[in-house]
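Shown next, in structure tokens, is the structure this report addresses.
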Amino acid sequence: MSYDNFETNAIRTQTESSHYKEHSTPLYLTSSFVFDDAEEMRASFSEENDRNIYSRFSNPNTKEFIEKVVQMEGAEAGYAFATGMAAVFSTFAALLISGDHIVSARSVFGSTHTLFIKYFPKWNIETSYFDINNPDEIAPLIKPSTKILYAESPTNPGVDIIDLELLGKIAKKHNLLLVIDNCFATPYIQQPIKFGADLVIHSATKLMDGQGRVLGGVVVGKSELIREIYLFSRNTGPALSPFNAWVLSKSLETLAVRVEKHCENALKVAEFLESHRNIERVKYPFLPSHPQYDIAKKQMKLGGNIIAVEVKGGLEAGKNFLNALKMCSLSANLGDTRTIITHPASTTHSKLSAEEQLSAGITPGLVRISVGLEHISDIIQDINDALMR
Ligand SMILES: *Cc1c(COP(=O)(O)O)cnc(C)c1O
């Protein structure tokens, strides 16, 4: 059963209760499921029914989590993974063959970029890159062997935005699969399928869990594509654990209220920083100063919880700012209840040359803020105190 509203589906989509009539879906921590007789087992293996067989294939907790994300994204089907990267890798591996070509935005999540440049070439799958801020670069990169058009919006850590409707049109015109990593937006803010995406990927580790507890990933989209991804995954084994699925499904019940508050706090922090004398510039999708503000307003319900800021004084100033923080965490995660601040030039992107950093949008003083759910005045005070030291 599904409802017209996001919040209701997130809460009322539940695995059927057992004979105990529990109100909240229990944890089905079991590796396999039993059959009454040989005929029932045969019918289940030949998919004549949708019984659970083995938790690498499906499990009541993972099914519930997947069903919620399918409804949230307006998709037909989905499959859940142990991590976001397992979801990204399995999607490409299931759908591509040797000789296929990918066209991707240059600014994608670090490990996704590593798949493109280090691992996929081993299987003769090449990737060409376009600048996220220059979609005109896409069409000339497309070849007869191009199968997938890939992007994230907003991007990490630059918070750039790309027009999803335009990507949908390009994919359709050239008969490509459009695959969007929607992790930074969540389906509450943006639903890429509406704009023509064939598949949507999430690292559920971030805002979906939202409390920094578990890793997880999910892919949703067209049934026939999910079928291929499911068969690949059922045989290769990157499945989400029932425990993590149970945690994540409960987390989705509060996604709407959490994301609303994250975004409200983030907009306030962004506005505060825009007028701060120790800040060079601020990038946040819902600030009118963002270069793609109009596109953000068109395709996003809210601005998200990630802010990119350039601290005056470059690398040293960026590091000093982080060192002076008293409450905000220095951590690799994002989308947590706790505000997290990172300095890409000295951490995640430190192995790149200065030139490579710039082409990935990483300036020396760039700081990424994942605004949490602490009281807004405590967040702003900690950031301000650290900037004024
Ligand atoms: C974190 C992240 C991933 C990878 O997810 P994991 O759960 O850490 O494997 C992929 N894409 C984006 C945009 C991310 O932020």
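Residues are referred to by chain and number: the chain letter is A, B, ... according to the order shown in the structure tokens, the number counts from 1 in that chain, and ligands are numbered separately from 1 in the order shown.
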Would you name the residues within 10 Å of ligand 1, counting only C-alpha atoms and all ligand atoms, and put them as a PyMOL selection string? chain A and resi 81-89+107-112+151-157+180-185+201-207+214-218+332-335
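Those residues of stretch 233-369 of chain A that DSSP, working from the backbone, places in strand (DSSP E or B) are A:Ala239, A:Ile279, A:Glu280, A:Arg281, A:Val282, A:Lys283, A:Ile306, A:Ile307, A:Ala308, A:Val309, A:Glu310, A:Val311, A:Ser329, A:Ile340, A:Ile341, A:Thr342, A:Leu366, A:Val367, A:Arg368, A:Ile369.
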Interatomic distance between atom CA of A:Tyr79 and atom CA of A:Ser145? 26.5 Å
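With distances restricted to only C-alpha atoms, A:Ser359 is the closest residue to A:Tyr129 from A:Ser359, A:Gln190, A:Ala354, A:Ala345.
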Excluding same-chain residues fewer than 5 positions from A:Ala324, what lies within 9 Å of it counting only C-alpha atoms, as number ranges by chain? A: 319, 382-383, 385-387, 389
Residue neighbourhood stretch 306-309 of chain A, 7 Å, only C-alpha atoms, exclusion window fewer than 6 positions, as a PyMOL selection string: chain A and resi 157-159+270+281-284+366-371
Okay, now the selection with C-alpha atoms, as a PDB file, in the first residue's frame?
```pdb
ATOM      1  CA  PRO A 157      33.038  18.980  -1.796  1.00  0.00           C
ATOM      2  CA  GLY A 158      32.398  21.917  -4.164  1.00  0.00           C
ATOM      3  CA  VAL A 159      28.557  21.903  -3.852  1.00  0.00           C
ATOM      4  CA  ALA A 270      25.622  29.936   5.133  1.00  0.00           C
ATOM      5  CA  ARG A 281      33.372  33.159  -0.258  1.00  0.00           C
ATOM      6  CA  VAL A 282      30.530  30.789   0.557  1.00  0.00           C
ATOM      7  CA  LYS A 283      28.866  28.285  -1.738  1.00  0.00           C
ATOM      8  CA  TYR A 284      25.452  26.972  -0.757  1.00  0.00           C
ATOM      9  CA  LEU A 366      38.304  25.272   0.971  1.00  0.00           C
ATOM     10  CA  VAL A 367      36.463  23.910   3.984  1.00  0.00           C
ATOM     11  CA  ARG A 368      33.408  21.636   3.809  1.00  0.00           C
ATOM     12  CA  ILE A 369      30.799  21.983   6.514  1.00  0.00           C
ATOM     13  CA  SER A 370      28.176  19.276   7.031  1.00  0.00           C
ATOM     14  CA  VAL A 371      25.700  21.153   9.197  1.00  0.00           C
TER      15      VAL A 371
END
```
With only C-alpha atoms as the atoms that count, which of A:Glu76, A:Glu137, A:Glu271, A:Asp131 lies nearest to A:Ser223?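 Comparing A:Glu76, A:Glu137, A:Glu271, A:Asp131 against A:Ser223, the winner is A:Glu76.
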Give me the residues within 12 Å of A:Glu260 as an mmCIF file with all heavy atoms, in the first residue's frame, counting only C-alpha atoms and dropping any in the same chain fewer than 4 places off.
```cif
data_model
loop_
_atom_site.group_PDB
_atom_site.id
_atom_site.type_symbol
_atom_site.label_atom_id
_atom_site.label_comp_id
_atom_site.auth_asym_id
_atom_site.auth_seq_id
_atom_site.Cartn_x
_atom_site.Cartn_y
_atom_site.Cartn_z
ATOM 1 N N GLU A 7 6.167 11.544 3.862
ATOM 2 C CA GLU A 7 6.329 11.216 5.286
ATOM 3 C C GLU A 7 5.522 9.975 5.656
ATOM 4 O O GLU A 7 5.980 9.123 6.423
ATOM 5 C CB GLU A 7 5.858 12.381 6.175
ATOM 6 C CG GLU A 7 6.710 13.641 6.097
ATOM 7 C CD GLU A 7 6.386 14.526 4.903
ATOM 8 O OE1 GLU A 7 5.631 14.105 3.992
ATOM 9 O OE2 GLU A 7 6.887 15.665 4.874
ATOM 10 N N ALA A 185 21.570 15.057 -1.796
ATOM 11 C CA ALA A 185 20.252 15.688 -1.772
ATOM 12 C C ALA A 185 19.247 14.899 -0.936
ATOM 13 O O ALA A 185 18.418 15.487 -0.243
ATOM 14 C CB ALA A 185 19.734 15.856 -3.199
ATOM 15 N N THR A 186 19.315 13.580 -0.997
ATOM 16 C CA THR A 186 18.287 12.668 -0.467
ATOM 17 C C THR A 186 17.002 12.827 -1.307
ATOM 18 O O THR A 186 16.751 13.901 -1.874
ATOM 19 C CB THR A 186 17.893 12.874 1.026
ATOM 20 O OG1 THR A 186 16.987 13.974 1.131
ATOM 21 C CG2 THR A 186 19.098 13.051 1.922
ATOM 22 N N TYR A 188 14.148 13.333 -0.332
ATOM 23 C CA TYR A 188 13.249 14.354 0.211
ATOM 24 C C TYR A 188 13.451 15.680 -0.514
ATOM 25 O O TYR A 188 12.505 16.454 -0.701
ATOM 26 C CB TYR A 188 13.484 14.539 1.722
ATOM 27 C CG TYR A 188 12.520 15.523 2.337
ATOM 28 C CD1 TYR A 188 11.164 15.208 2.445
ATOM 29 C CD2 TYR A 188 12.947 16.774 2.789
ATOM 30 C CE1 TYR A 188 10.267 16.115 2.980
ATOM 31 C CE2 TYR A 188 12.051 17.674 3.335
ATOM 32 C CZ TYR A 188 10.713 17.343 3.424
ATOM 33 O OH TYR A 188 9.815 18.242 3.954
ATOM 34 N N ILE A 189 14.670 15.941 -0.946
ATOM 35 C CA ILE A 189 15.002 17.219 -1.580
ATOM 36 C C ILE A 189 14.875 17.152 -3.097
ATOM 37 O O ILE A 189 14.477 18.118 -3.748
ATOM 38 C CB ILE A 189 16.437 17.641 -1.171
ATOM 39 C CG1 ILE A 189 16.461 18.007 0.315
ATOM 40 C CG2 ILE A 189 16.963 18.776 -2.042
ATOM 41 C CD1 ILE A 189 17.810 18.490 0.806
ATOM 42 N N LEU A 207 22.937 11.005 4.996
ATOM 43 C CA LEU A 207 21.721 11.541 5.611
ATOM 44 C C LEU A 207 20.643 10.478 5.851
ATOM 45 O O LEU A 207 19.780 10.659 6.705
ATOM 46 C CB LEU A 207 21.150 12.675 4.751
ATOM 47 C CG LEU A 207 21.921 13.998 4.860
ATOM 48 C CD1 LEU A 207 21.699 14.841 3.616
ATOM 49 C CD2 LEU A 207 21.507 14.778 6.108
ATOM 50 N N THR A 254 12.208 9.186 9.974
ATOM 51 C CA THR A 254 12.406 10.585 10.397
ATOM 52 C C THR A 254 13.193 11.401 9.359
ATOM 53 O O THR A 254 13.616 12.516 9.655
ATOM 54 C CB THR A 254 13.160 10.638 11.746
ATOM 55 O OG1 THR A 254 14.406 9.930 11.597
ATOM 56 C CG2 THR A 254 12.351 10.006 12.865
ATOM 57 N N LEU A 255 13.381 10.846 8.157
ATOM 58 C CA LEU A 255 14.194 11.565 7.162
ATOM 59 C C LEU A 255 13.651 12.971 6.892
ATOM 60 O O LEU A 255 14.403 13.950 6.884
ATOM 61 C CB LEU A 255 14.287 10.764 5.851
ATOM 62 C CG LEU A 255 15.210 11.376 4.796
ATOM 63 C CD1 LEU A 255 16.673 11.243 5.205
ATOM 64 C CD2 LEU A 255 15.013 10.730 3.427
ATOM 65 N N ALA A 256 12.349 13.078 6.675
ATOM 66 C CA ALA A 256 11.764 14.378 6.303
ATOM 67 C C ALA A 256 12.004 15.436 7.389
ATOM 68 O O ALA A 256 12.474 16.534 7.086
ATOM 69 C CB ALA A 256 10.268 14.224 6.027
ATOM 70 N N GLU A 264 17.461 23.959 7.322
ATOM 71 C CA GLU A 264 17.178 25.241 7.988
ATOM 72 C C GLU A 264 18.455 25.744 8.680
ATOM 73 O O GLU A 264 18.843 26.911 8.534
ATOM 74 C CB GLU A 264 16.051 25.015 9.008
ATOM 75 C CG GLU A 264 15.600 26.246 9.762
ATOM 76 C CD GLU A 264 14.675 25.870 10.938
ATOM 77 O OE1 GLU A 264 13.794 24.984 10.775
ATOM 78 O OE2 GLU A 264 14.858 26.457 12.026
ATOM 79 N N ASN A 265 19.135 24.832 9.409
ATOM 80 C CA ASN A 265 20.389 25.210 10.073
ATOM 81 C C ASN A 265 21.463 25.606 9.052
ATOM 82 O O ASN A 265 22.187 26.578 9.243
ATOM 83 C CB ASN A 265 20.912 24.048 10.931
ATOM 84 C CG ASN A 265 20.158 23.905 12.248
ATOM 85 O OD1 ASN A 265 19.325 24.739 12.589
ATOM 86 N ND2 ASN A 265 20.455 22.849 12.985
ATOM 87 N N ALA A 266 21.556 24.821 7.969
ATOM 88 C CA ALA A 266 22.606 25.076 6.976
ATOM 89 C C ALA A 266 22.423 26.444 6.324
ATOM 90 O O ALA A 266 23.393 27.180 6.121
ATOM 91 C CB ALA A 266 22.608 23.968 5.913
ATOM 92 N N LEU A 267 21.171 26.797 6.001
ATOM 93 C CA LEU A 267 20.937 28.100 5.377
ATOM 94 C C LEU A 267 21.357 29.223 6.338
ATOM 95 O O LEU A 267 21.991 30.198 5.926
ATOM 96 C CB LEU A 267 19.459 28.242 4.979
ATOM 97 C CG LEU A 267 19.078 29.543 4.274
ATOM 98 C CD1 LEU A 267 19.864 29.719 2.963
ATOM 99 C CD2 LEU A 267 17.576 29.603 3.976
ATOM 100 N N LYS A 301 14.041 20.929 -3.387
ATOM 101 C CA LYS A 301 13.039 21.463 -2.458
ATOM 102 C C LYS A 301 13.710 22.333 -1.391
ATOM 103 O O LYS A 301 13.149 23.313 -0.922
ATOM 104 C CB LYS A 301 12.344 20.270 -1.808
ATOM 105 C CG LYS A 301 11.227 20.538 -0.848
ATOM 106 C CD LYS A 301 10.763 19.167 -0.296
ATOM 107 C CE LYS A 301 9.860 19.321 0.900
ATOM 108 N NZ LYS A 301 8.442 19.263 0.553
ATOM 109 N N LEU A 302 14.944 21.938 -1.000
ATOM 110 C CA LEU A 302 15.727 22.680 -0.003
ATOM 111 C C LEU A 302 17.192 22.643 -0.434
ATOM 112 O O LEU A 302 17.543 21.894 -1.340
ATOM 113 C CB LEU A 302 15.570 22.032 1.381
ATOM 114 C CG LEU A 302 14.177 22.093 2.025
ATOM 115 C CD1 LEU A 302 14.071 21.074 3.145
ATOM 116 C CD2 LEU A 302 13.873 23.495 2.523
ATOM 117 N N GLY A 303 18.039 23.424 0.258
ATOM 118 C CA GLY A 303 19.422 23.567 -0.205
ATOM 119 C C GLY A 303 20.413 22.501 0.250
ATOM 120 O O GLY A 303 21.581 22.558 -0.099
ATOM 121 N N GLY A 304 19.956 21.530 1.062
ATOM 122 C CA GLY A 304 20.877 20.507 1.556
ATOM 123 C C GLY A 304 21.604 20.961 2.815
ATOM 124 O O GLY A 304 21.369 22.068 3.317
ATOM 125 N N ASN A 305 22.485 20.086 3.336
ATOM 126 C CA ASN A 305 23.156 20.450 4.592
ATOM 127 C C ASN A 305 24.648 20.687 4.424
ATOM 128 O O ASN A 305 25.358 20.836 5.404
ATOM 129 C CB ASN A 305 22.904 19.382 5.666
ATOM 130 C CG ASN A 305 23.844 18.203 5.547
ATOM 131 O OD1 ASN A 305 24.056 17.697 4.451
ATOM 132 N ND2 ASN A 305 24.417 17.769 6.649
ATOM 133 N N VAL A 371 26.396 20.543 8.057
ATOM 134 C CA VAL A 371 25.700 21.153 9.197
ATOM 135 C C VAL A 371 24.793 20.123 9.861
ATOM 136 O O VAL A 371 24.010 19.438 9.195
ATOM 137 C CB VAL A 371 24.901 22.393 8.742
ATOM 138 C CG1 VAL A 371 24.168 23.015 9.926
ATOM 139 C CG2 VAL A 371 25.831 23.412 8.087
ATOM 140 N N GLY A 372 24.916 20.010 11.176
ATOM 141 C CA GLY A 372 24.179 19.012 11.944
ATOM 142 C C GLY A 372 22.919 19.564 12.576
ATOM 143 O O GLY A 372 22.365 20.585 12.137
ATOM 144 N N LEU A 373 22.466 18.863 13.601
ATOM 145 C CA LEU A 373 21.193 19.201 14.246
ATOM 146 C C LEU A 373 21.370 19.784 15.644
ATOM 147 O O LEU A 373 20.409 19.887 16.403
ATOM 148 C CB LEU A 373 20.291 17.952 14.307
ATOM 149 C CG LEU A 373 19.910 17.329 12.965
ATOM 150 C CD1 LEU A 373 19.034 16.087 13.172
ATOM 151 C CD2 LEU A 373 19.185 18.330 12.070
#
```
